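*Asks:* This is the structure I have questions about; it appears just below.
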Amino acid sequence: MKKNILYILGFLLCSYGSVAQQTPAPKQIKDFAIVGATAHIGNGSVIENSIIVVSNGKITTIGPEASTPLTRQAMDIIDAKGKHVYPGFIVSNGTLGLVEVDAVKASNDLSELGTYNPHVRSIIAYNTESKVVESMRPNGVLLGQIVPRGGRISGTSSVVQFDAWNWEDAAIKIDDGIHLNWPNSFSRGRWWLGEDPALKPNKDYSKQVRELEDFFNESKSYNKGDKDELHLPYEALQGLFDGSKHLYINADDEKSITDAVNFAKEQGVNKITIVGGYQAGNLTNFLKQNDVSVFLRRVHTRPELEDDDYDLPFKLAKKLVDAGVLVSLEPSGQMERMNSRNLPFYAGTTVAYGLTKEQALQLITQNAAKILGIDNLYGTLETGKSATLFISEGDALDMRTNKLTHAFIDGRKLSLETHQTELWKRYAEKYNSKD
């Protein structure tokens, strides 16, 4: 009996070893330099034939090769001539690590029961061992905001890096913001019950907004009082009022966006980002005047309304950027976790519809870092910032040429192997075999 148990345990350990995530990279020990690459800084500028020196996980030197001194004997040299260096891409408003298999309930930590859950923290549910998370790295997606879903107030997000043993190691910024799903001002009838599926005003809209106002007002009263009895949801909202947390509001139509921003301002909330923002292009002046940023909905979608331009989702980023609105891209929608790896290609599509390549790059590097409040260390290739970057053989915003040769998080060299690359190699060998 004992022998059988040992056999079973051995089999399980072997099975686990064959599918486990790549071991997180060790801390950087020796300095290294990336020489000869075209460096895309992430702030709109480019350095041809660059040198980037990394020490203790930070960029210590960056500049043109011709005018930047380098002591080659003291460090490892990565010859990147003809290649491109980019800051690590940042996926905003994502749910990576919260669900592994949608059909397996035990692997789903996406949402909590209840309507008002600002105290629910996504970070403690984040699974660093996720195979889905691991598959982001070969496309240059190295950082992400992990966001809960569901309810009127979904909970609190955090920002992580994608190479860690546990959530404590992964965390870059814990509890960065609270996520609110603004009531829909319009709704569709339930066709499966025989109702008219056409859009019509939401008759409960005013009531739902009043409930939100009551919740926020009660929270402010609680936080100004003695707090004799702990109330976790009210406690969690305090960060919105003292400026330590960001408010992310999911809203798409003009009325919802306008009402949501006015509501937040009236409540004394100053850090505001609209998530989705399908009709944000009609409110550029309003957003700019109120210093409201936008996490723009997935670029690769179709127009929603019959009279919308056929290419509205593709060109919306340019319209907002041209108006001076701070914009980043997000992947939410069907298969959002899988589609997070396509983040650079969403940015690439905006190039085809008017943005320059460096402007598009900013959407998923510097702009995302600014909104998330991590731009002091991440988002651009600058002296003193984290060496979270990667080297690509070609244009990283083009799926045909985004081929990574190296990737680093805080100067640690990552493995670019995933279960997908392993399967590709396995079956490429099988079908290329002449036997």
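Letters A, B, ... go to the chains of the structure tokens in the order shown; residues in each chain start at 1; ligands are counted from 1 in the same order.
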For the strand (DSSP E or B) assignment from backbone DSSP, which residues of range 185-414 of chain A qualify? Please present them as a ChimeraX atom specification.
*Replies:* /A:186-188,199-201,246-251,272-276,293-296,327-329,386,389-392,404-409,412-413
*Asks:* If you take only C-alpha atoms and a cut-off of 10 Å, which residues of range 383-417 of chain A touch range 136-152 of chain A, and what are their nearest atom pairs and distances in Å to one decimal, in chain and number order, as CSV?
*Replies:*
```
residue,atom,partner,partner_atom,distance
A:Thr388,CA,A:Leu142,CA,7.7
A:Leu389,CA,A:Gly140,CA,7.9
A:Phe390,CA,A:Gly140,CA,6.4
A:Ile391,CA,A:Gly140,CA,8.6
A:Ser392,CA,A:Gly140,CA,8.6
A:Ala396,CA,A:Asn139,CA,7.7
A:Leu397,CA,A:Asn139,CA,9.3
A:Met399,CA,A:Asn139,CA,8.7
A:Asn402,CA,A:Asn139,CA,6.7
A:Lys403,CA,A:Asn139,CA,7.4
A:Leu404,CA,A:Pro138,CA,6.2
A:Thr405,CA,A:Pro138,CA,8.8
A:His406,CA,A:Pro138,CA,9.1
A:Ala407,CA,A:Gly140,CA,7.4
A:Phe408,CA,A:Leu142,CA,8.5
A:Ile409,CA,A:Leu142,CA,7.3
A:Leu414,CA,A:Arg137,CA,8.4
A:Ser415,CA,A:Arg137,CA,8.5
A:Leu416,CA,A:Pro138,CA,5.5
A:Glu417,CA,A:Pro138,CA,7.7
```
*Asks:* Let me see the file: selected residues, N, CA and C atoms, as a short mmCIF file (atom, residue, chain, number, x, y, z; two decimals), in the first residue's frame.
*Replies:*
```cif
data_model
loop_
_atom_site.label_atom_id
_atom_site.label_comp_id
_atom_site.auth_asym_id
_atom_site.auth_seq_id
_atom_site.Cartn_x
_atom_site.Cartn_y
_atom_site.Cartn_z
N THR A 388 13.15 47.10 -16.81
CA THR A 388 12.08 46.21 -17.24
C THR A 388 11.87 46.49 -18.72
N LEU A 389 12.45 45.64 -19.55
CA LEU A 389 12.54 45.93 -20.98
C LEU A 389 12.75 44.63 -21.75
N PHE A 390 12.68 44.74 -23.07
CA PHE A 390 12.93 43.55 -23.89
C PHE A 390 13.55 43.94 -25.22
N ILE A 391 14.17 42.96 -25.86
CA ILE A 391 14.79 43.14 -27.17
C ILE A 391 13.99 42.33 -28.18
N SER A 392 13.60 42.99 -29.27
CA SER A 392 12.85 42.32 -30.34
C SER A 392 13.64 42.38 -31.63
N ALA A 396 7.95 45.69 -32.53
CA ALA A 396 7.18 44.95 -31.52
C ALA A 396 5.68 45.17 -31.62
N LEU A 397 5.24 46.17 -32.39
CA LEU A 397 3.81 46.42 -32.56
C LEU A 397 3.24 45.68 -33.77
N MET A 399 2.73 41.94 -35.40
CA MET A 399 2.78 40.53 -35.01
C MET A 399 3.71 39.71 -35.89
N ASN A 402 7.38 40.89 -34.18
CA ASN A 402 7.57 40.90 -32.73
C ASN A 402 8.12 39.54 -32.30
N LYS A 403 9.44 39.42 -32.36
CA LYS A 403 10.13 38.18 -31.99
C LYS A 403 11.17 38.51 -30.95
N LEU A 404 10.88 38.19 -29.71
CA LEU A 404 11.77 38.55 -28.61
C LEU A 404 12.99 37.63 -28.54
N THR A 405 14.15 38.22 -28.29
CA THR A 405 15.36 37.45 -28.04
C THR A 405 15.75 37.51 -26.57
N HIS A 406 15.44 38.62 -25.89
CA HIS A 406 15.73 38.80 -24.48
C HIS A 406 14.59 39.58 -23.83
N ALA A 407 14.37 39.31 -22.55
CA ALA A 407 13.42 40.10 -21.77
C ALA A 407 13.92 40.16 -20.33
N PHE A 408 13.73 41.32 -19.70
CA PHE A 408 14.20 41.54 -18.34
C PHE A 408 13.12 42.23 -17.51
N ILE A 409 12.99 41.81 -16.26
CA ILE A 409 12.17 42.53 -15.28
C ILE A 409 13.08 42.90 -14.13
N LEU A 414 14.63 36.94 -18.07
CA LEU A 414 13.49 36.02 -18.03
C LEU A 414 13.65 34.87 -19.01
N SER A 415 13.04 33.77 -18.66
CA SER A 415 12.85 32.70 -19.63
C SER A 415 11.67 33.08 -20.53
N LEU A 416 11.83 32.89 -21.82
CA LEU A 416 10.75 33.16 -22.77
C LEU A 416 10.05 31.87 -23.19
N GLU A 417 10.35 30.79 -22.49
CA GLU A 417 9.66 29.53 -22.74
C GLU A 417 8.32 29.52 -22.03
#
```
*Asks:* For each of A:Gln238, A:Pro344, A:Val132, A:Asn93, take the minimum atom-to-atom distance to Leu296 in chain A, counting only C-alpha atoms, then give the residue where this is smallest.
*Replies:*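 Of the candidates, the smallest distance to Leu296 in chain A is held by A:Asn93.
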*Asks:* Closest to Trp182 in chain A among A:Asp79, A:Asp163, A:Glu213, A:Glu393, using only C-alpha atoms?
*Replies:*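 Of the candidates, the smallest distance to Trp182 in chain A is held by A:Glu213.
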*Asks:* I need the residue nearest Ala360 in chain A from this list: A:Val299, A:Ile34, A:Ile174, A:Ile153. Use only C-alpha atoms for the distance.
*Replies:*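 Of the candidates, the smallest distance to Ala360 in chain A is held by A:Val299.
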*Asks:* Could you give me, as a list in words, the residues within 10 Å of Lys318 in chain A, counting only C-alpha atoms and dropping anything in the same chain fewer than 5 positions from it?
*Replies:* Gly281, Ala323, Gly324, Val325, Val327, Thr350, Val351, Tyr353, Gly354, Leu355, Thr356, Gln359 and Ala360 of chain A
*Asks:* Write a file of the just-selected residues containing N, CA and C atoms, as a PDB file, in the first residue's frame.
*Replies:*
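This went into again31.pdb:
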```pdb
ATOM      1  N   GLY A 281     -14.793  59.867 -27.479  1.00  0.00           N
ATOM      2  CA  GLY A 281     -14.361  60.771 -28.542  1.00  0.00           C
ATOM      3  C   GLY A 281     -15.286  61.954 -28.727  1.00  0.00           C
ATOM      4  N   ALA A 323      -6.543  65.333 -28.907  1.00  0.00           N
ATOM      5  CA  ALA A 323      -7.224  66.300 -28.038  1.00  0.00           C
ATOM      6  C   ALA A 323      -6.485  66.524 -26.717  1.00  0.00           C
ATOM      7  N   GLY A 324      -5.392  65.780 -26.507  1.00  0.00           N
ATOM      8  CA  GLY A 324      -4.614  65.945 -25.288  1.00  0.00           C
ATOM      9  C   GLY A 324      -5.089  65.135 -24.113  1.00  0.00           C
ATOM     10  N   VAL A 325      -5.942  64.124 -24.356  1.00  0.00           N
ATOM     11  CA  VAL A 325      -6.423  63.241 -23.286  1.00  0.00           C
ATOM     12  C   VAL A 325      -5.391  62.138 -23.067  1.00  0.00           C
ATOM     13  N   VAL A 327      -4.336  58.589 -22.612  1.00  0.00           N
ATOM     14  CA  VAL A 327      -5.021  57.363 -23.035  1.00  0.00           C
ATOM     15  C   VAL A 327      -4.100  56.158 -22.904  1.00  0.00           C
ATOM     16  N   THR A 350      -3.667  51.096 -34.095  1.00  0.00           N
ATOM     17  CA  THR A 350      -3.874  52.545 -34.023  1.00  0.00           C
ATOM     18  C   THR A 350      -2.894  53.296 -34.919  1.00  0.00           C
ATOM     19  N   VAL A 351      -1.755  52.675 -35.236  1.00  0.00           N
ATOM     20  CA  VAL A 351      -0.801  53.292 -36.167  1.00  0.00           C
ATOM     21  C   VAL A 351      -1.404  53.344 -37.564  1.00  0.00           C
ATOM     22  N   TYR A 353      -4.318  53.780 -38.238  1.00  0.00           N
ATOM     23  CA  TYR A 353      -5.415  54.755 -38.241  1.00  0.00           C
ATOM     24  C   TYR A 353      -4.985  56.108 -37.677  1.00  0.00           C
ATOM     25  N   GLY A 354      -3.705  56.455 -37.888  1.00  0.00           N
ATOM     26  CA  GLY A 354      -3.304  57.839 -37.667  1.00  0.00           C
ATOM     27  C   GLY A 354      -2.224  58.136 -36.665  1.00  0.00           C
ATOM     28  N   LEU A 355      -2.038  57.314 -35.642  1.00  0.00           N
ATOM     29  CA  LEU A 355      -0.982  57.594 -34.673  1.00  0.00           C
ATOM     30  C   LEU A 355       0.376  57.217 -35.249  1.00  0.00           C
ATOM     31  N   THR A 356       1.432  57.871 -34.775  1.00  0.00           N
ATOM     32  CA  THR A 356       2.777  57.425 -35.124  1.00  0.00           C
ATOM     33  C   THR A 356       3.098  56.183 -34.293  1.00  0.00           C
ATOM     34  N   GLN A 359       3.846  57.208 -30.724  1.00  0.00           N
ATOM     35  CA  GLN A 359       2.624  57.560 -29.986  1.00  0.00           C
ATOM     36  C   GLN A 359       1.869  56.305 -29.574  1.00  0.00           C
ATOM     37  N   ALA A 360       1.788  55.341 -30.472  1.00  0.00           N
ATOM     38  CA  ALA A 360       1.096  54.085 -30.162  1.00  0.00           C
ATOM     39  C   ALA A 360       1.816  53.338 -29.049  1.00  0.00           C
TER      40      ALA A 360
END
```
*Asks:* Identify which of the residues A:Val53, A:Ile90, A:Val159, A:Ala317 lies closest to Arg341 in chain A, counting only C-alpha atoms when measuring atom-to-atom distances.
*Replies:* A:Ile90
*Asks:* Considering only C-alpha atoms, return as an MDAnalysis selection string whatever protein or nucleic-acid residues lie within 9 Å of Glu254 in chain A, sequence-local ones (same chain, fewer than 6 positions apart) excluded.
*Replies:* chainID A and resid 277:280 282:283
*Asks:* Env of Tyr205 in chain A: 12 Å cut, atoms = only C-alpha atoms, seq-sep filter 2 positions within chain, self excluded. Answer as a PDB file with N, CA and C atoms, in the first residue's frame.
*Replies:*
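Now in result_23.pdb:
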```pdb
ATOM      1  N   TRP A 182     -20.448  51.999 -13.609  1.00  0.00           N
ATOM      2  CA  TRP A 182     -21.490  53.014 -13.606  1.00  0.00           C
ATOM      3  C   TRP A 182     -22.781  52.443 -14.184  1.00  0.00           C
ATOM      4  N   PRO A 183     -23.951  52.783 -13.606  1.00  0.00           N
ATOM      5  CA  PRO A 183     -25.219  52.274 -14.162  1.00  0.00           C
ATOM      6  C   PRO A 183     -25.373  52.649 -15.627  1.00  0.00           C
ATOM      7  N   ASN A 184     -25.936  51.747 -16.412  1.00  0.00           N
ATOM      8  CA  ASN A 184     -26.185  52.032 -17.825  1.00  0.00           C
ATOM      9  C   ASN A 184     -27.388  52.968 -17.952  1.00  0.00           C
ATOM     10  N   SER A 185     -27.208  54.055 -18.697  1.00  0.00           N
ATOM     11  CA  SER A 185     -28.321  54.978 -18.897  1.00  0.00           C
ATOM     12  C   SER A 185     -29.323  54.425 -19.906  1.00  0.00           C
ATOM     13  N   PHE A 186     -28.858  53.461 -20.717  1.00  0.00           N
ATOM     14  CA  PHE A 186     -29.743  52.775 -21.651  1.00  0.00           C
ATOM     15  C   PHE A 186     -29.624  51.276 -21.435  1.00  0.00           C
ATOM     16  N   SER A 187     -30.671  50.557 -21.751  1.00  0.00           N
ATOM     17  CA  SER A 187     -30.649  49.101 -21.611  1.00  0.00           C
ATOM     18  C   SER A 187     -31.394  48.461 -22.781  1.00  0.00           C
ATOM     19  N   LYS A 200     -33.269  51.289 -25.069  1.00  0.00           N
ATOM     20  CA  LYS A 200     -34.269  52.210 -24.520  1.00  0.00           C
ATOM     21  C   LYS A 200     -33.756  52.736 -23.189  1.00  0.00           C
ATOM     22  N   PRO A 201     -34.229  53.892 -22.755  1.00  0.00           N
ATOM     23  CA  PRO A 201     -33.755  54.468 -21.495  1.00  0.00           C
ATOM     24  C   PRO A 201     -33.952  53.503 -20.330  1.00  0.00           C
ATOM     25  N   ASN A 202     -32.959  53.456 -19.454  1.00  0.00           N
ATOM     26  CA  ASN A 202     -33.023  52.625 -18.256  1.00  0.00           C
ATOM     27  C   ASN A 202     -33.895  53.340 -17.221  1.00  0.00           C
ATOM     28  N   LYS A 203     -35.073  52.807 -16.965  1.00  0.00           N
ATOM     29  CA  LYS A 203     -36.022  53.477 -16.066  1.00  0.00           C
ATOM     30  C   LYS A 203     -35.528  53.497 -14.622  1.00  0.00           C
ATOM     31  N   LYS A 207     -32.501  55.903  -9.839  1.00  0.00           N
ATOM     32  CA  LYS A 207     -32.497  55.182  -8.564  1.00  0.00           C
ATOM     33  C   LYS A 207     -31.118  54.579  -8.297  1.00  0.00           C
ATOM     34  N   GLN A 208     -30.511  53.992  -9.330  1.00  0.00           N
ATOM     35  CA  GLN A 208     -29.203  53.363  -9.167  1.00  0.00           C
ATOM     36  C   GLN A 208     -28.119  54.396  -8.856  1.00  0.00           C
ATOM     37  N   VAL A 209     -28.196  55.570  -9.471  1.00  0.00           N
ATOM     38  CA  VAL A 209     -27.242  56.637  -9.178  1.00  0.00           C
ATOM     39  C   VAL A 209     -27.406  57.123  -7.744  1.00  0.00           C
ATOM     40  N   ARG A 210     -28.678  57.268  -7.298  1.00  0.00           N
ATOM     41  CA  ARG A 210     -28.924  57.709  -5.918  1.00  0.00           C
ATOM     42  C   ARG A 210     -28.354  56.711  -4.908  1.00  0.00           C
ATOM     43  N   GLU A 211     -28.466  55.430  -5.214  1.00  0.00           N
ATOM     44  CA  GLU A 211     -27.910  54.406  -4.316  1.00  0.00           C
ATOM     45  C   GLU A 211     -26.399  54.555  -4.199  1.00  0.00           C
ATOM     46  N   LEU A 212     -25.746  54.866  -5.324  1.00  0.00           N
ATOM     47  CA  LEU A 212     -24.302  55.108  -5.298  1.00  0.00           C
ATOM     48  C   LEU A 212     -23.971  56.323  -4.450  1.00  0.00           C
ATOM     49  N   LYS A 255     -23.737  60.136 -21.874  1.00  0.00           N
ATOM     50  CA  LYS A 255     -24.420  60.517 -20.628  1.00  0.00           C
ATOM     51  C   LYS A 255     -23.778  59.835 -19.420  1.00  0.00           C
ATOM     52  N   SER A 256     -23.478  58.549 -19.558  1.00  0.00           N
ATOM     53  CA  SER A 256     -22.874  57.820 -18.443  1.00  0.00           C
ATOM     54  C   SER A 256     -21.507  58.403 -18.089  1.00  0.00           C
ATOM     55  N   ASP A 259     -22.069  61.935 -16.461  1.00  0.00           N
ATOM     56  CA  ASP A 259     -22.641  61.812 -15.117  1.00  0.00           C
ATOM     57  C   ASP A 259     -21.626  61.213 -14.148  1.00  0.00           C
TER      58      ASP A 259
END
```
*Asks:* Of the candidates A:Gly114, A:Gly36, A:Gly97, A:Gly57, which one gets nearest to Ile77 in chain A if we count only C-alpha atoms?
*Replies:* A:Gly36
*Asks:* When distances are computed from only C-alpha atoms, which of A:Leu361, A:Leu232, A:Val133, A:Leu320 shows the smallest separation from Glu100 in chain A?
*Replies:*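 Comparing A:Leu361, A:Leu232, A:Val133, A:Leu320 against Glu100 in chain A, the winner is A:Val133.
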*Asks:* Residues near Gly155 in chain A, anyone? I mean within 10 Å using only C-alpha atoms, not counting same-chain ones fewer than 2 positions away, as a list in words.
*Replies:* Ser111, Glu112, Thr115, Tyr116, Asn117, Pro118, His119, Val120, Arg121, Ser122, Val147, Pro148, Arg149, Gly150, Gly151, Arg152, Ile153, Ser157, Asp175, Gly177, Ile178, His179, Leu180, Pro233, Ala236 and Leu237 of chain A
*Asks:* Write down as number ranges by chain the residues of range 183-305 of chain A whose backbone DSSP state falls under helix (DSSP H, G or I).
*Replies:* A: 191-193, 205-224, 232-242, 254-266, 280-289
*Asks:* With only C-alpha atoms as the counted atoms, please give the residues lying no more than 6 Å from Val269 in chain A, apart from itself and same-chain residues fewer than 4 positions off, as a PDB file with N, CA and C atoms, in the first residue's frame.
*Replies:*
```pdb
ATOM      1  N   LEU A 240     -10.092  57.019  -1.793  1.00  0.00           N
ATOM      2  CA  LEU A 240     -10.574  57.882  -2.868  1.00  0.00           C
ATOM      3  C   LEU A 240     -10.657  59.333  -2.409  1.00  0.00           C
ATOM      4  N   PHE A 241     -11.013  59.537  -1.151  1.00  0.00           N
ATOM      5  CA  PHE A 241     -11.219  60.886  -0.644  1.00  0.00           C
ATOM      6  C   PHE A 241      -9.917  61.566  -0.232  1.00  0.00           C
ATOM      7  N   ALA A 264     -18.097  61.874  -9.481  1.00  0.00           N
ATOM      8  CA  ALA A 264     -16.818  61.705  -8.787  1.00  0.00           C
ATOM      9  C   ALA A 264     -16.283  63.044  -8.286  1.00  0.00           C
ATOM     10  N   LYS A 265     -16.392  64.064  -9.110  1.00  0.00           N
ATOM     11  CA  LYS A 265     -15.908  65.388  -8.707  1.00  0.00           C
ATOM     12  C   LYS A 265     -16.707  65.923  -7.516  1.00  0.00           C
TER      13      LYS A 265
END
```
*Asks:* Figure out the distance between CA of Tyr346 in chain A and CA of Lys131 in chain A, please, to one decimal in Å.
*Replies:*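 Pair CA of Lys131 in chain A / CA of Tyr346 in chain A returns 22.0 Å.
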*Asks:* What gap, in Å, lies between CA of Ala251 in chain A and CA of Phe215 in chain A?
*Replies:*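 Between CA of Ala251 in chain A and CA of Phe215 in chain A the gap works out to 18.8 Å.
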